[in-house]
Every structure is written in structure tokens, then in C-alpha cells.
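Novice: One structure, as C-alpha cells, below. Some questions next.
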Amino acid sequence: MTGETGPTTAVVDVQDNINRYWDGRATGYNAHHVHQISNTEIRKAWANLWRRVLPPPPARVLDVGTGTGHAALMLAELGYDVVGIDLAPGMLEQARSKAAGLSRPPVFLPGDAVNPQFEPGSFDAVTARYVLWTLRTPDVAVQRWRALLRPGGTLAVVDSTWFPHGVGASRAGRDTGPLPDFAELYDDAVLSALPLAESATIDDSADLVRAAMFRDVTVEPLAEMLELDRRFGVADGHEVRTQYVITGRSDGRPAQ
């Protein structure tokens, strides 16, 4: 789902575990998203959120760590010109399958969320849904995303504090259902390499956006999403958590 290149075997092993997890999770993850988006209330809530935080269509949007295309497909349906990138082939396969019937589908490409291979200033907006927490160098990622934005372009990150008491505490005593490989692949070595995986506050993510020199940074708890998750449930192996949208604007200057 996400990725970074690195020079050492240890780094490669960490990223390989992450990629293997999301590739193997693609079918089940997609089934949850299809079920979720078929719910009129949930679909409307996500559409309203994207309309509110992004420039109006047909702005060009890069969706990093696109997964099975949850955000990218909705943005395309709203009239945006969308490119979605991901390193998990299984995720991209699911996304492309769903896009086949659209009149103006997103372009789905293999790509590293931390180092997207596009020219600077190529996009009006960058979106990242549930991505920052599983990056080894989220600070570098955010700086590179800013470089891809045109002056005044928008970053919109949706994420949460998924494991504020640690992954072990979150899993203790709970049936993870069909996700036994999460504990195996997101092991201690992987978790120690992910600065935001066990963060206790969304401010840790927002601070990275500020440090990357985005302007007008805002952090908004998504109360409507929380209520919908409580009513309709979340993906297997997950807990209901408050989600947040972090937004910022590029000033057009090169990232430091």
C-alpha cells in the first residue's frame, strides 16, 4: 500500500513486510470498502468531506497510497482528474477493476507514497487516506507531497490514532478474525520503524505537515464519520476511532 526504498537489508525487510501485508489484504479490504460505499449515508459523508476540503473539480489530484481506490474513485466520480498510486499489486488490481465502468476513471499506477515520480507542481491537490501511520519516513513524504503541488495547492490527509496504547495492547484479548498476519508482519521491527504507528495524538501527524512548511494547517475531528462507524461498523480487526482530516496549502516554494 505504501513504500520506501532503502539501502540496508533491515530496511528492505521492514518495507517488504508492509507491502506483503497490504497485498495479501487486498480482497478483504476491498470487500469492506464496497460494502461501506454502498451505504448512502457513508457515501454522502465522504463526498461532502472531499468537496469541502479540496479545490473544486476538475482539479488534478494525486491520491497517494490509494489502496483499492476508495478516495480516488469517489473523487473521479465527483469530477476530479485523479491519479492513484500504490505499491501493492493486489490493491491496484482491485482499484482498476472497480474503475472499469467509469466514464472518467482515475489512472492507477504503481508508485511509492513517499517518493511519487511526478514533476514538481503537477497537482492541485494531494490526498492521503490512512497512509501516514504506516510510513517509515512520514516527514519526508509530506515534504515531497508539497513539492508536487502547484502554488496554493491543497494537502488533505485523513487518518487517526489507530493504536494509541500500542498495537499489543490494542490486540490483547481481542479476536482479530481473518487478520492473523497483521501481528506477524507488523512485528516489533516494523513498528519500531514507523514513527506514527502507535502515536497517541493526531498532533504528531499535524506537526509534520506544519514542519513541511504548509500554510493554514487545520486539524478537524470527523464527528460524522465517528457516528457512522459506530452505527455501521468498521473493517475486520479494527476498533472504532475518531478520524481526522488535516489540511494545508502549499506556498509554491521548494521543499526544504
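Going by the C-alpha cells order, chains are called A, B, ..., each with residues numbered from 1, while ligands are numbered from 1 in the order shown.
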Which residues come within 12 Å of Ala206 (chain A), counting only C-alpha atoms, excluding same-chain residues fewer than 2 positions away, as a count of residues only?

Specialist: 36

Novice: Using DSSP assignments from the backbone, pull out every residue in region 89-168 of chain A that falls under strand (DSSP E) and give it to me as an mmCIF file with C-alpha atoms, in the first residue's frame.

Specialist:
```cif
data_model
loop_
_atom_site.group_PDB
_atom_site.id
_atom_site.type_symbol
_atom_site.label_atom_id
_atom_site.label_comp_id
_atom_site.auth_asym_id
_atom_site.auth_seq_id
_atom_site.Cartn_x
_atom_site.Cartn_y
_atom_site.Cartn_z
ATOM 1 C CA VAL A 107 -5.337 6.480 -13.576
ATOM 2 C CA PHE A 108 -3.940 3.845 -11.211
ATOM 3 C CA LEU A 109 -0.155 3.399 -11.267
ATOM 4 C CA PRO A 110 2.467 1.526 -9.234
ATOM 5 C CA PHE A 123 -1.136 18.636 -8.990
ATOM 6 C CA ASP A 124 -3.741 20.934 -7.486
ATOM 7 C CA ALA A 125 -4.249 18.607 -4.520
ATOM 8 C CA VAL A 126 -2.709 15.583 -2.816
ATOM 9 C CA THR A 127 -4.871 13.247 -0.750
ATOM 10 C CA ALA A 128 -3.713 10.544 1.677
ATOM 11 C CA ARG A 129 -6.308 8.374 3.390
ATOM 12 C CA LEU A 149 1.611 20.849 -5.542
ATOM 13 C CA ARG A 150 1.083 23.985 -7.564
ATOM 14 C CA PRO A 151 1.188 27.288 -5.654
ATOM 15 C CA GLY A 152 -1.847 27.389 -3.382
ATOM 16 C CA GLY A 153 -2.416 23.640 -3.830
ATOM 17 C CA THR A 154 -4.102 21.630 -1.094
ATOM 18 C CA LEU A 155 -2.973 18.687 1.007
ATOM 19 C CA ALA A 156 -5.780 16.680 2.628
ATOM 20 C CA VAL A 157 -4.763 13.846 4.962
ATOM 21 C CA VAL A 158 -7.385 11.633 6.608
ATOM 22 C CA ASP A 159 -6.040 9.467 9.411
ATOM 23 C CA SER A 160 -6.410 8.573 13.069
#
```

Novice: Between A:Ile37, A:Trp162, A:Arg146, A:Met74, single out the one closest to Trp50 (chain A), counting only C-alpha atoms.

Specialist: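 Counting only C-alpha atoms, the residue closest to Trp50 (chain A) is A:Met74.
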
Novice: With distances taken over only C-alpha atoms, which of A:Glu239, A:Asp63, A:Asp188, A:Asp112 is nearest to Pro164 (chain A)?

Specialist: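 So, comparing all the options, the nearest one is A:Glu239.
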
Novice: Skip region 95-98 of chain A itself and residues of its chain fewer than 3 positions away, then list as a list in words all residues within 10 Å of it, counting only C-alpha atoms.

Specialist: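 My reading of the contact set: Ala26, Asn30, Val34, Thr66, Gly67, Thr68, Gly69, His70, Ala72, Leu73, Gly84, Pro89, Gly90, Met91, Leu92, Gly101, Leu102, Pro105, Pro106, Val107, Phe108 and Leu109 of chain A.
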
Novice: How would the residues just picked look written out with C-alpha atoms as a PDB file, in the first residue's frame?

Specialist:
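Written out: result-v4.pdb:
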```pdb
ATOM      1  CA  ALA A  26      -6.473  -6.521  -0.842  1.00  0.00           C
ATOM      2  CA  ASN A  30     -11.859  -4.095  -0.902  1.00  0.00           C
ATOM      3  CA  VAL A  34     -17.503  -1.832  -1.423  1.00  0.00           C
ATOM      4  CA  THR A  66      -4.558   4.711  -2.907  1.00  0.00           C
ATOM      5  CA  GLY A  67      -5.138   1.090  -1.907  1.00  0.00           C
ATOM      6  CA  THR A  68      -8.289  -0.251  -3.529  1.00  0.00           C
ATOM      7  CA  GLY A  69      -9.206   3.243  -4.688  1.00  0.00           C
ATOM      8  CA  HIS A  70     -11.711   4.312  -2.018  1.00  0.00           C
ATOM      9  CA  ALA A  72      -9.619   8.064  -5.869  1.00  0.00           C
ATOM     10  CA  LEU A  73     -12.782   6.533  -7.301  1.00  0.00           C
ATOM     11  CA  GLY A  84      -3.809   6.997  -7.656  1.00  0.00           C
ATOM     12  CA  PRO A  89      -0.277  -5.030  -6.888  1.00  0.00           C
ATOM     13  CA  GLY A  90      -3.303  -6.682  -5.305  1.00  0.00           C
ATOM     14  CA  MET A  91      -4.662  -3.327  -4.182  1.00  0.00           C
ATOM     15  CA  LEU A  92      -4.193  -1.782  -7.640  1.00  0.00           C
ATOM     16  CA  GLY A 101     -17.162   1.155 -15.614  1.00  0.00           C
ATOM     17  CA  LEU A 102     -16.497   4.841 -15.025  1.00  0.00           C
ATOM     18  CA  PRO A 105     -11.783   6.733 -14.283  1.00  0.00           C
ATOM     19  CA  PRO A 106      -8.698   7.501 -12.207  1.00  0.00           C
ATOM     20  CA  VAL A 107      -5.337   6.480 -13.576  1.00  0.00           C
ATOM     21  CA  PHE A 108      -3.940   3.845 -11.211  1.00  0.00           C
ATOM     22  CA  LEU A 109      -0.155   3.399 -11.267  1.00  0.00           C
TER      23      LEU A 109
END
```

Novice: Would you please give, as a PyMOL selection string, all residues of region 24-253 of chain A that DSSP assigns to alpha helix (DSSP H) based on the backbone?

Specialist: chain A and resi 24-37+40-53+70-77+89-99+138-148+167-171+180-185+188-192+203-211+223-232
